[in-house]
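Colleague: File final03.txt follows (compact mmCIF, C-alpha atoms and all ligand atoms):
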# COMPACT_ATOMS: atom_id res chain seq x y z
CA MET A 1 -13.91 -1.02 18.81
CA PRO A 2 -12.22 -4.41 19.45
CA ALA A 3 -8.83 -4.16 21.19
CA SER A 4 -7.04 -5.48 18.10
CA VAL A 5 -8.55 -2.68 15.98
CA LEU A 6 -7.52 -0.06 18.54
CA ARG A 7 -3.94 -1.37 18.47
CA LEU A 8 -3.85 -1.26 14.67
CA THR A 9 -5.42 2.21 14.54
CA SER A 10 -2.92 3.56 17.05
CA ALA A 11 0.04 2.15 15.11
CA VAL A 12 -1.22 3.58 11.84
CA ARG A 13 -2.01 7.02 13.31
CA GLY A 14 1.53 7.28 14.70
CA ALA A 15 3.18 6.85 11.29
CA ASP A 16 4.37 9.72 9.06
CA GLY A 17 3.27 7.78 6.00
CA ARG A 18 1.87 4.43 5.01
CA LEU A 19 3.42 1.90 2.67
CA LEU A 20 1.04 -0.91 1.78
CA ALA A 21 2.44 -4.12 0.33
CA THR A 22 -0.03 -6.55 -1.17
CA PRO A 23 -0.37 -9.73 -3.21
CA GLU A 24 -3.35 -10.06 -5.58
CA TYR A 25 -6.14 -12.61 -5.17
CA ASN A 26 -8.45 -13.38 -8.09
CA HIS A 27 -7.71 -10.04 -9.77
CA GLY A 28 -8.47 -8.10 -6.59
CA VAL A 29 -7.41 -6.97 -3.12
CA PRO A 30 -6.96 -9.89 -0.69
CA GLY A 31 -9.96 -9.98 1.67
CA VAL A 32 -7.83 -9.70 4.81
CA LEU A 33 -6.25 -6.44 3.63
CA LYS A 34 -9.62 -5.00 2.56
CA ASN A 35 -11.05 -5.91 5.96
CA ALA A 36 -8.20 -4.10 7.73
CA ILE A 37 -8.80 -0.99 5.59
CA ASP A 38 -12.53 -1.11 6.37
CA TRP A 39 -11.84 -1.18 10.12
CA LEU A 40 -9.27 1.61 9.80
CA SER A 41 -11.67 3.78 7.79
CA GLN A 42 -13.90 4.49 10.81
CA PRO A 43 -14.97 7.05 11.88
CA LEU A 44 -15.32 8.49 8.40
CA HIS A 45 -13.63 11.93 7.98
CA ALA A 46 -11.57 11.46 11.16
CA SER A 47 -10.08 8.02 10.58
CA ALA A 48 -6.46 6.90 10.75
CA LEU A 49 -6.46 6.82 6.95
CA GLU A 50 -7.59 10.44 6.52
CA GLY A 51 -5.11 12.80 4.88
CA LYS A 52 -1.86 10.92 5.38
CA PRO A 53 0.55 10.10 2.55
CA THR A 54 0.35 6.50 1.38
CA ALA A 55 2.11 4.41 -1.24
CA ILE A 56 1.24 0.98 -2.59
CA MET A 57 3.58 -1.79 -3.68
CA GLY A 58 2.80 -5.37 -4.60
CA ALA A 59 4.23 -8.70 -5.70
CA SER A 60 2.46 -11.69 -7.21
CA THR A 61 3.25 -14.75 -9.25
CA GLY A 62 1.34 -13.47 -12.31
CA PHE A 63 2.80 -11.24 -15.02
CA SER A 64 0.86 -8.11 -14.06
CA GLY A 65 2.32 -8.04 -10.53
CA THR A 66 -0.84 -6.93 -8.63
CA ALA A 67 -1.86 -4.18 -11.10
CA ARG A 68 -5.58 -4.91 -10.73
CA GLY A 69 -5.44 -5.38 -6.95
CA GLN A 70 -3.63 -2.07 -6.58
CA MET A 71 -6.27 -0.25 -8.62
CA GLN A 72 -8.97 -1.61 -6.28
CA LEU A 73 -7.02 -0.34 -3.27
CA ARG A 74 -6.90 3.12 -4.82
CA GLN A 75 -10.71 3.13 -5.11
CA SER A 76 -11.10 2.64 -1.34
CA PHE A 77 -8.77 5.56 -0.70
CA VAL A 78 -11.07 7.98 -2.53
CA LEU A 79 -13.71 7.74 0.19
CA THR A 80 -11.21 7.64 3.05
CA ASN A 81 -9.56 10.83 1.66
CA THR A 82 -6.15 9.21 1.68
CA PRO A 83 -3.58 10.77 -0.67
CA VAL A 84 -1.88 7.96 -2.61
CA MET A 85 1.29 8.46 -4.65
CA LEU A 86 0.49 8.07 -8.36
CA GLN A 87 3.93 7.37 -9.83
CA PRO A 88 6.06 5.37 -9.89
CA GLU A 89 3.95 2.21 -9.63
CA LEU A 90 5.69 -0.74 -8.03
CA LEU A 91 4.44 -3.97 -9.61
CA VAL A 92 6.58 -7.07 -9.05
CA GLY A 93 5.40 -9.81 -11.40
CA ARG A 94 6.71 -13.42 -11.53
CA ALA A 95 7.62 -12.93 -7.87
CA HIS A 96 8.45 -16.62 -7.36
CA GLU A 97 11.48 -16.08 -9.66
CA LYS A 98 12.70 -13.02 -7.77
CA PHE A 99 12.78 -14.25 -4.16
CA ASP A 100 14.87 -17.10 -2.74
CA ALA A 101 13.56 -19.89 -0.50
CA ALA A 102 14.14 -17.73 2.59
CA GLY A 103 11.99 -14.93 1.17
CA ARG A 104 14.92 -12.62 0.31
CA LEU A 105 14.60 -10.48 -2.80
CA ILE A 106 17.43 -11.59 -5.11
CA ASP A 107 16.55 -9.76 -8.34
CA ASP A 108 18.93 -6.81 -8.67
CA GLY A 109 16.72 -4.76 -10.99
CA THR A 110 13.78 -5.05 -8.62
CA ARG A 111 15.94 -4.16 -5.62
CA GLN A 112 17.18 -1.02 -7.35
CA PHE A 113 13.69 -0.02 -8.42
CA ILE A 114 12.35 -0.44 -4.88
CA ALA A 115 15.20 1.74 -3.56
CA SER A 116 14.33 4.54 -6.00
CA PHE A 117 10.61 4.07 -5.26
CA LEU A 118 11.24 4.60 -1.53
CA VAL A 119 13.31 7.73 -2.18
CA ARG A 120 10.49 9.12 -4.32
CA PHE A 121 7.90 8.22 -1.65
CA VAL A 122 9.78 10.03 1.12
CA ALA A 123 10.13 13.18 -1.04
CA TRP A 124 6.47 13.07 -2.09
CA ALA A 125 5.27 12.43 1.50
CA ASP A 126 7.31 15.42 2.72
CA HIS A 127 5.75 17.58 0.02
CA GLN A 128 2.24 16.40 1.04
CA LYS A 129 2.73 17.70 4.59
CA GLY A 130 2.20 21.25 3.36
CA CYS A 131 -1.00 20.44 1.46
CA PRO A 132 -4.47 21.44 2.73
CA GLY A 133 -6.12 18.56 4.59
CA ALA A 134 -2.82 16.85 5.41
CA ARG A 135 -2.55 15.43 8.91
CA ALA A 136 0.57 15.94 10.98
CA THR A 137 -0.02 12.89 13.21
C1 LIG B 1 -6.65 -17.44 -3.93
C2 LIG B 1 -5.49 -16.86 -4.69
C3 LIG B 1 -5.75 -16.10 -5.81
C4 LIG B 1 -4.68 -15.52 -6.52
N1 LIG B 1 -4.95 -14.73 -7.57
C5 LIG B 1 -3.93 -14.10 -8.21
C6 LIG B 1 -4.21 -13.16 -9.26
O1 LIG B 1 -5.35 -12.89 -9.61
N2 LIG B 1 -3.16 -12.56 -9.88
C7 LIG B 1 -1.85 -12.80 -9.51
O2 LIG B 1 -0.95 -12.23 -10.12
N3 LIG B 1 -1.55 -13.66 -8.48
C8 LIG B 1 -2.57 -14.31 -7.84
N4 LIG B 1 -2.28 -15.14 -6.79
C9 LIG B 1 -0.89 -15.21 -6.30
C10 LIG B 1 -0.72 -14.25 -5.13
O3 LIG B 1 -0.87 -12.91 -5.52
C11 LIG B 1 0.66 -14.37 -4.43
O4 LIG B 1 1.69 -14.08 -5.31
C12 LIG B 1 0.91 -15.72 -3.83
O5 LIG B 1 -0.27 -16.29 -3.37
C13 LIG B 1 1.90 -15.60 -2.66
O6 LIG B 1 1.45 -14.66 -1.71
P1 LIG B 1 0.65 -15.07 -0.35
O7 LIG B 1 1.62 -15.93 0.43
O8 LIG B 1 0.36 -13.78 0.33
O9 LIG B 1 -0.59 -15.81 -0.75
C14 LIG B 1 -3.34 -15.74 -6.10
C15 LIG B 1 -3.12 -16.53 -4.95
C16 LIG B 1 -4.17 -17.07 -4.26
C17 LIG B 1 -3.87 -17.89 -3.02
Mind turning this structure into structure tokens?
Modeller:
Amino acid sequence: MPASVLRLTSAVRGADGRLLATPEYNHGVPGVLKNAIDWLSQPLHASALEGKPTAIMGASTGFSGTARGQMQLRQSFVLTNTPVMLQPELLVGRAHEKFDAAGRLIDDGTRQFIASFLVRFVAWADHQKGCPGARAT
């Protein structure tokens, strides 16, 4: 494995859960993110993606706010045996109207929704720890 992949794998293995944030490119997962998932998916059945709680969030300039890209991500996580939170979905559309020039999120409704999303993710990830196939580290 290249050293950069080993560094990424080690960081991901050490986490209690994974929160993926993505834009959407041409109705799909950006190639760079897909490439990172493909590297992380090896070795199959013992990878850093196996069995650990994961959530997906995304922001894009379109109205659907990464809905199609997020569905593609979920497909990859079937083979990697990665449990992904189903609900709530976090889709930030028209993102260019919700962030300021410095990249700060300035839309109050979106900020509140993200806060409740994170609370739900922590509770769901805790619950997953007791499930068969879950990985402690
Ligand atoms: C090549 C390309 C394709 C894109 N396709 C979509 C798309 O299908 N749907 C969408 O909502 N936004 C699309 N966008 C907007 C991105 O999701 C994103 O909001 C924007 O590019 C800013 O994020 P970035 O700095 O990571 O590129 C596209 C952007 C690029 C550069």
Colleague: Between atom N2 of ligand LIG 1 (chain B) and atom CA of Ser4 of chain A, what is the distance in Å, rounded to a tenth?
Modeller: 29.1 Å
Colleague: Which residue, A:Asn35, A:Ser60, A:Gln112, A:Thr54, has the smallest gap to ligand LIG 1 (chain B) when you use all atoms listed in the file?
Modeller: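 For ligand LIG 1 (chain B), the nearest of the candidates is A:Ser60.
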Colleague: Using all atoms listed in the file for the distances, tell me which of A:Glu24, A:Asp108, A:Asp16, A:Asp100 is nearest to Leu49 of chain A.
Modeller: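 Closest to Leu49 of chain A, using all atoms listed in the file: A:Asp16.
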Colleague: For ligand LIG 1 (chain B), list the contacting residues at 9 Å or closer, counting all atoms listed in the file, as a list in words.
Modeller: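 Written in the requested form, the residues are Thr22, Pro23, Glu24, Tyr25, Asn26, His27, Gly28, Pro30, Gly58, Ala59, Ser60, Thr61, Gly62, Phe63, Ser64, Gly65, Thr66, Ala67, Arg68, Gly69, Gly93, Arg94, Ala95 and His96 of chain A.
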Colleague: From the options A:Asp126, A:Asp107, A:Glu89, A:Glu97, which residue's atoms come nearest to Ile56 of chain A, counting all atoms listed in the file?
Modeller: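 Ranked by minimum distance to Ile56 of chain A, first place goes to A:Glu89.
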Colleague: Just the residues within 9 Å of Leu40 of chain A, please, counting all atoms listed in the file, with nothing from its chain fewer than 4 positions along; format it as a ChimeraX atom specification.
Modeller: /A:5,8-9,12,35-36,47-49
Colleague: What separation in Å, quoted to one decimal, exists between atom CA of Asn81 of chain A and atom CA of Ile114 of chain A?
Modeller: 25.5 Å
Colleague: As an exercise, work out the distance from atom CA of Trp39 of chain A to atom CA of Met57 of chain A in Å and give it to one decimal place.
Modeller: 20.7 Å
Colleague: Restricting the calculation to only C-alpha atoms, which member of A:Val122, A:Val84, A:Leu90, A:Ala102 is positioned closest to Ala21 of chain A?
Modeller: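 The shortest atom-to-atom distance to Ala21 of chain A comes from A:Leu90.
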Colleague: Between A:Leu79, A:Leu118, A:Leu105, A:Ala123, which one has atoms that come closest to Leu19 of chain A, using only C-alpha atoms?
Modeller: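 Distance minimum relative to Leu19 of chain A lands on A:Leu118.
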Colleague: Name the closest residue to Val29 of chain A among the candidates A:Gln42, A:Thr110, A:Ser10, A:Gln70; distances are taken between atoms, counting only C-alpha atoms.
Modeller: A:Gln70
Colleague: Taking all atoms of segment 26-39 of chain A that the file lists, what box with edges along x, y and z, padded by 6 Å per side, do you get, with centre and edge lengths in Å to one decimal, as AutoDock Vina command-line options?
Modeller:
--center_x -9.4 --center_y -7.2 --center_z 0.2 --size_x 18.3 --size_y 24.4 --size_z 31.9
Colleague: Would you kindly return, as a PyMOL selection string, each protein, DNA or RNA residue with an atom no farther than 8 Å from any atom of Gly51 of chain A, considering all atoms listed in the file and excluding same-chain residues fewer than 3 positions away?
Modeller: chain A and resi 81-83+133-135
